[in-house]
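For reference, run_37.pdb (PDB, C-alpha atoms):
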ATOM      1  CA  GLU Q   1     102.599  88.023 136.889
ATOM      2  CA  ASP Q   2     103.554  90.445 139.627
ATOM      3  CA  SER Q   3     106.085  92.911 138.216
ATOM      4  CA  VAL Q   4     108.687  94.418 140.513
ATOM      5  CA  PHE Q   5     110.471  97.333 138.868
ATOM      6  CA  PHE Q   6     113.659  99.052 140.052
ATOM      7  CA  ASP Q   7     115.160 102.232 138.642
ATOM      8  CA  LEU Q   8     118.755 102.631 139.816
ATOM      9  CA  GLY Q   9     119.618 106.315 139.846
ATOM     10  CA  SER Q  10     115.938 107.249 139.645
ATOM     11  CA  GLY Q  11     116.369 111.026 139.576
ATOM     12  CA  ASP Q  12     113.043 112.867 139.764
ATOM     13  CA  GLY Q  13     111.121 109.583 139.683
ATOM     14  CA  ARG Q  14     109.291 109.863 136.372
ATOM     15  CA  VAL Q  15     110.308 106.384 135.154
ATOM     16  CA  VAL Q  16     109.350 104.793 138.482
ATOM     17  CA  ILE Q  17     105.983 106.556 138.428
ATOM     18  CA  ALA Q  18     105.354 105.362 134.852
ATOM     19  CA  ALA Q  19     106.102 101.775 135.942
ATOM     20  CA  GLY Q  20     103.718 102.162 138.880
ATOM     21  CA  LEU Q  21     101.005 103.540 136.622
ATOM     22  CA  ALA Q  22     101.516 100.486 134.395
ATOM     23  CA  GLY Q  23     100.776  98.235 137.378
ATOM     24  CA  ALA Q  24     104.221  97.302 138.690
ATOM     25  CA  ARG Q  25     105.394  97.580 142.254
ATOM     26  CA  ALA Q  26     107.999 100.227 141.505
ATOM     27  CA  TYR Q  27     111.087 101.278 143.455
ATOM     28  CA  GLY Q  28     113.418 104.176 142.795
ATOM     29  CA  VAL Q  29     116.853 104.376 144.365
ATOM     30  CA  GLU Q  30     118.598 107.750 144.205
ATOM     31  CA  MET Q  31     121.536 109.156 146.161
ATOM     32  CA  ASP Q  32     120.504 112.833 145.785
ATOM     33  CA  SER Q  33     118.079 113.694 148.608
ATOM     34  CA  THR Q  34     116.708 116.701 146.698
ATOM     35  CA  LEU Q  35     115.685 114.493 143.787
ATOM     36  CA  VAL Q  36     114.130 111.939 146.160
ATOM     37  CA  GLY Q  37     112.090 114.817 147.631
ATOM     38  CA  VAL Q  38     110.907 115.863 144.160
ATOM     39  CA  ALA Q  39     109.985 112.260 143.337
ATOM     40  CA  ASN Q  40     108.006 111.886 146.556
ATOM     41  CA  GLN Q  41     106.149 115.152 145.846
ATOM     42  CA  GLN Q  42     105.084 113.714 142.481
ATOM     43  CA  ARG Q  43     104.136 110.404 144.119
ATOM     44  CA  ARG Q  44     101.885 112.154 146.684
ATOM     45  CA  ARG Q  45      99.798 113.629 143.849
ATOM     46  CA  LEU Q  46      98.794 110.174 142.594
ATOM     47  CA  PRO Q  47      95.659 108.253 143.598
ATOM     48  CA  ALA Q  48      96.272 106.016 146.634
ATOM     49  CA  VAL Q  49      95.873 102.804 144.630
ATOM     50  CA  VAL Q  50      98.870 103.815 142.485
ATOM     51  CA  ARG Q  51     100.783 105.691 145.182
ATOM     52  CA  ASP Q  52     100.897 102.588 147.378
ATOM     53  CA  ARG Q  53     102.798 100.671 144.651
ATOM     54  CA  ILE Q  54     105.525 103.323 144.277
ATOM     55  CA  HIS Q  55     108.456 103.775 146.643
ATOM     56  CA  PHE Q  56     111.476 106.072 146.593
ATOM     57  CA  SER Q  57     114.519 105.854 148.781
ATOM     58  CA  GLN Q  58     117.704 107.782 149.171
ATOM     59  CA  GLY Q  59     120.492 105.284 149.112
ATOM     60  CA  ASP Q  60     123.365 103.508 147.483
ATOM     61  CA  MET Q  61     122.227 101.578 144.416
ATOM     62  CA  PHE Q  62     125.156  99.202 144.911
ATOM     63  CA  GLN Q  63     123.624  98.127 148.244
ATOM     64  CA  THR Q  64     120.101  97.629 146.866
ATOM     65  CA  ASP Q  65     118.671  94.116 147.073
ATOM     66  CA  LEU Q  66     117.544  93.264 143.532
ATOM     67  CA  SER Q  67     116.681  89.625 144.232
ATOM     68  CA  ARG Q  68     112.927  90.161 143.633
ATOM     69  CA  ALA Q  69     113.282  92.472 140.620
ATOM     70  CA  THR Q  70     111.540  91.436 137.428
ATOM     71  CA  HIS Q  71     112.553  94.648 135.625
ATOM     72  CA  VAL Q  72     115.473  97.045 136.140
ATOM     73  CA  SER Q  73     116.128 100.375 134.448
ATOM     74  CA  ILE Q  74     119.690 101.720 134.305
ATOM     75  CA  TYR Q  75     120.666 105.031 132.736
ATOM     76  CA  LEU Q  76     124.119 105.609 134.196
ATOM     77  CA  ILE Q  77     127.679 106.374 133.183
ATOM     78  CA  GLN Q  78     129.816 103.409 132.165
ATOM     79  CA  ARG Q  79     131.850 103.317 135.383
ATOM     80  CA  TYR Q  80     128.690 102.656 137.406
ATOM     81  CA  CYS Q  81     127.425 100.098 134.886
ATOM     82  CA  ASP Q  82     130.719  98.206 135.180
ATOM     83  CA  GLN Q  83     130.281  98.139 138.969
ATOM     84  CA  LEU Q  84     126.638  97.030 138.697
ATOM     85  CA  ARG Q  85     127.171  94.155 136.242
ATOM     86  CA  PRO Q  86     128.430  91.618 138.834
ATOM     87  CA  ILE Q  87     125.680  92.673 141.252
ATOM     88  CA  LEU Q  88     123.026  92.131 138.580
ATOM     89  CA  GLU Q  89     124.543  88.789 137.620
ATOM     90  CA  THR Q  90     124.526  87.640 141.241
ATOM     91  CA  GLN Q  91     121.172  88.996 142.403
ATOM     92  CA  LEU Q  92     118.737  89.121 139.498
ATOM     93  CA  PRO Q  93     116.370  86.194 139.203
ATOM     94  CA  ASP Q  94     116.155  84.145 136.026
ATOM     95  CA  GLN Q  95     114.265  85.918 133.212
ATOM     96  CA  ALA Q  96     114.533  89.413 134.769
ATOM     97  CA  LEU Q  97     114.706  92.201 132.182
ATOM     98  CA  VAL Q  98     117.200  95.067 132.213
ATOM     99  CA  ALA Q  99     116.846  98.244 130.137
ATOM    100  CA  CYS Q 100     120.131 100.078 129.625
ATOM    101  CA  ILE Q 101     122.056 102.227 127.170
ATOM    102  CA  GLY Q 102     123.534 100.148 124.341
ATOM    103  CA  ASP Q 103     126.144  97.691 125.558
ATOM    104  CA  SER Q 104     126.740  99.415 128.901
ATOM    105  CA  ILE Q 105     125.838  96.323 130.956
ATOM    106  CA  VAL Q 106     126.885  93.557 128.576
ATOM    107  CA  PRO Q 107     129.896  94.692 126.538
ATOM    108  CA  PRO Q 108     130.598  93.162 123.113
ATOM    109  CA  GLY Q 109     131.830  89.600 123.499
ATOM    110  CA  VAL Q 110     130.342  89.150 126.992
ATOM    111  CA  HIS Q 111     127.111  87.241 126.537
ATOM    112  CA  ALA Q 112     127.161  84.451 129.093
ATOM    113  CA  GLY Q 113     124.004  84.670 131.153
ATOM    114  CA  TRP Q 114     122.368  87.396 129.047
ATOM    115  CA  LYS Q 115     120.110  87.485 125.997
ATOM    116  CA  LEU Q 116     119.513  90.646 123.973
ATOM    117  CA  GLU Q 117     115.727  90.848 123.604
ATOM    118  CA  ALA Q 118     115.553  94.163 121.736
ATOM    119  CA  SER Q 119     117.568  97.186 120.732
ATOM    120  CA  VAL Q 120     115.511 100.352 120.368
ATOM    121  CA  PRO Q 121     116.805 103.601 118.820
ATOM    122  CA  SER Q 122     116.367 106.602 121.122
ATOM    123  CA  PHE Q 123     117.763 110.029 120.266
ATOM    124  CA  ASP Q 124     121.499 109.553 119.664
ATOM    125  CA  PHE Q 125     121.843 106.180 121.413
ATOM    126  CA  GLU Q 126     120.170 102.787 121.559
ATOM    127  CA  ILE Q 127     118.321 101.274 124.480
ATOM    128  CA  SER Q 128     119.031  97.583 124.958
ATOM    129  CA  ILE Q 129     116.551  95.251 126.617
ATOM    130  CA  LEU Q 130     118.473  92.344 128.135
ATOM    131  CA  ARG Q 131     117.110  89.179 129.719
ATOM    132  CA  ARG Q 132     119.048  87.605 132.571
ATOM    133  CA  LEU Q 133     119.455  83.876 132.033
ATOM    134  CA  ARG Q 134     120.571  81.984 135.114
ATOM    135  CA  GLU Q 135     122.609  78.870 134.535
ATOM    136  CA  SER Q 136     120.796  75.721 135.601
TER     137      SER Q 136
END
Write the structure described by the file as structure tokens, please.
Amino acid sequence: EDSVFFDLGSGDGRVVIAAGLAGARAYGVEMDSTLVGVANQQRRRLPAVVRDRIHFSQGDMFQTDLSRATHVSIYLIQRYCDQLRPILETQLPDQALVACIGDSIVPPGVHAGWKLEASVPSFDFEISILRRLRES
């Protein structure tokens, strides 16, 4: 399987780089140009075989095409998660996985089209792994 990983709000790029090191084609989208510069500095230090799988861009995560994503990481405030939910539901392919904080993407009582795969304790919050299930 060819994994395509997106980190929305990728910051300094460490999560994107970890995904690239794990073998995914990895994309980070960040609006802060300084952080994109830091991420690209880190990327340039990697061997070419890994570096070529990792991409960072300064941009609006709400305008990012997620239609080929197999994995998405989201660590954002609730307001942004609420704005992203319909985009994820429209664009993500069937079976794509989303890692997020708790119920930030799928609030309690909203389960149509999503399956909770795992909930992992992390510091003072839980990370939810959700699978997107497209209706047939």
Proximity to Cys100 of chain Q - best of Q:Tyr27, Q:Phe6, Q:Trp114, Q:Tyr75, only C-alpha atoms: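 Among the listed residues, the smallest separation from Cys100 of chain Q belongs to Q:Tyr75.
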Residue nearest Ser3 of chain Q among Q:Ile74, Q:Gln95, Q:Ile101, Q:Arg85 (counting all atoms listed in the file):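 That would be Q:Gln95, the residue with the smallest distance to Ser3 of chain Q.
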Result set of the PyMOL selection byres ((chain Q and resi 8-10) around 12) on the coordinates above, as a ChimeraX atom specification: /Q:5-7,11-19,26-40,55-66,69,71-77,80-81,84,88,98-100
Output of the PyMOL selection byres ((chain Q and resi 124-135) around 9), listed as a PyMOL selection string: chain Q and resi 88-89+92-106+112-123+136
Selection export as a PDB file, in the coordinates of the input, atoms kept: C-alpha atoms:
ATOM      1  CA  LEU Q  88     123.026  92.131 138.580  1.00  0.00           C
ATOM      2  CA  GLU Q  89     124.543  88.789 137.620  1.00  0.00           C
ATOM      3  CA  LEU Q  92     118.737  89.121 139.498  1.00  0.00           C
ATOM      4  CA  PRO Q  93     116.370  86.194 139.203  1.00  0.00           C
ATOM      5  CA  ASP Q  94     116.155  84.145 136.026  1.00  0.00           C
ATOM      6  CA  GLN Q  95     114.265  85.918 133.212  1.00  0.00           C
ATOM      7  CA  ALA Q  96     114.533  89.413 134.769  1.00  0.00           C
ATOM      8  CA  LEU Q  97     114.706  92.201 132.182  1.00  0.00           C
ATOM      9  CA  VAL Q  98     117.200  95.067 132.213  1.00  0.00           C
ATOM     10  CA  ALA Q  99     116.846  98.244 130.137  1.00  0.00           C
ATOM     11  CA  CYS Q 100     120.131 100.078 129.625  1.00  0.00           C
ATOM     12  CA  ILE Q 101     122.056 102.227 127.170  1.00  0.00           C
ATOM     13  CA  GLY Q 102     123.534 100.148 124.341  1.00  0.00           C
ATOM     14  CA  ASP Q 103     126.144  97.691 125.558  1.00  0.00           C
ATOM     15  CA  SER Q 104     126.740  99.415 128.901  1.00  0.00           C
ATOM     16  CA  ILE Q 105     125.838  96.323 130.956  1.00  0.00           C
ATOM     17  CA  VAL Q 106     126.885  93.557 128.576  1.00  0.00           C
ATOM     18  CA  ALA Q 112     127.161  84.451 129.093  1.00  0.00           C
ATOM     19  CA  GLY Q 113     124.004  84.670 131.153  1.00  0.00           C
ATOM     20  CA  TRP Q 114     122.368  87.396 129.047  1.00  0.00           C
ATOM     21  CA  LYS Q 115     120.110  87.485 125.997  1.00  0.00           C
ATOM     22  CA  LEU Q 116     119.513  90.646 123.973  1.00  0.00           C
ATOM     23  CA  GLU Q 117     115.727  90.848 123.604  1.00  0.00           C
ATOM     24  CA  ALA Q 118     115.553  94.163 121.736  1.00  0.00           C
ATOM     25  CA  SER Q 119     117.568  97.186 120.732  1.00  0.00           C
ATOM     26  CA  VAL Q 120     115.511 100.352 120.368  1.00  0.00           C
ATOM     27  CA  PRO Q 121     116.805 103.601 118.820  1.00  0.00           C
ATOM     28  CA  SER Q 122     116.367 106.602 121.122  1.00  0.00           C
ATOM     29  CA  PHE Q 123     117.763 110.029 120.266  1.00  0.00           C
ATOM     30  CA  SER Q 136     120.796  75.721 135.601  1.00  0.00           C
TER      31      SER Q 136
END
Output of the PyMOL selection byres ((chain Q and resi 50) around 10), listed as an mmCIF file with C-alpha atoms, in the coordinates of the input:
data_model
loop_
_atom_site.group_PDB
_atom_site.id
_atom_site.type_symbol
_atom_site.label_atom_id
_atom_site.label_comp_id
_atom_site.auth_asym_id
_atom_site.auth_seq_id
_atom_site.Cartn_x
_atom_site.Cartn_y
_atom_site.Cartn_z
ATOM 1 C CA ILE Q 17 105.983 106.556 138.428
ATOM 2 C CA ALA Q 19 106.102 101.775 135.942
ATOM 3 C CA GLY Q 20 103.718 102.162 138.880
ATOM 4 C CA LEU Q 21 101.005 103.540 136.622
ATOM 5 C CA ALA Q 22 101.516 100.486 134.395
ATOM 6 C CA GLY Q 23 100.776 98.235 137.378
ATOM 7 C CA ALA Q 24 104.221 97.302 138.690
ATOM 8 C CA ARG Q 25 105.394 97.580 142.254
ATOM 9 C CA ALA Q 26 107.999 100.227 141.505
ATOM 10 C CA ARG Q 43 104.136 110.404 144.119
ATOM 11 C CA ARG Q 44 101.885 112.154 146.684
ATOM 12 C CA ARG Q 45 99.798 113.629 143.849
ATOM 13 C CA LEU Q 46 98.794 110.174 142.594
ATOM 14 C CA PRO Q 47 95.659 108.253 143.598
ATOM 15 C CA ALA Q 48 96.272 106.016 146.634
ATOM 16 C CA VAL Q 49 95.873 102.804 144.630
ATOM 17 C CA ARG Q 51 100.783 105.691 145.182
ATOM 18 C CA ASP Q 52 100.897 102.588 147.378
ATOM 19 C CA ARG Q 53 102.798 100.671 144.651
ATOM 20 C CA ILE Q 54 105.525 103.323 144.277
#
Once you add 5 Å to each side, what are the centre and edge lengths of the axis-aligned box holding all listed atoms of segment 86-89 of chain Q? One decimal in Å, as lines of an AutoDock Vina configuration file, if you can.
center_x = 125.7
center_y = 90.7
center_z = 139.4
size_x = 15.4
size_y = 13.9
size_z = 13.6
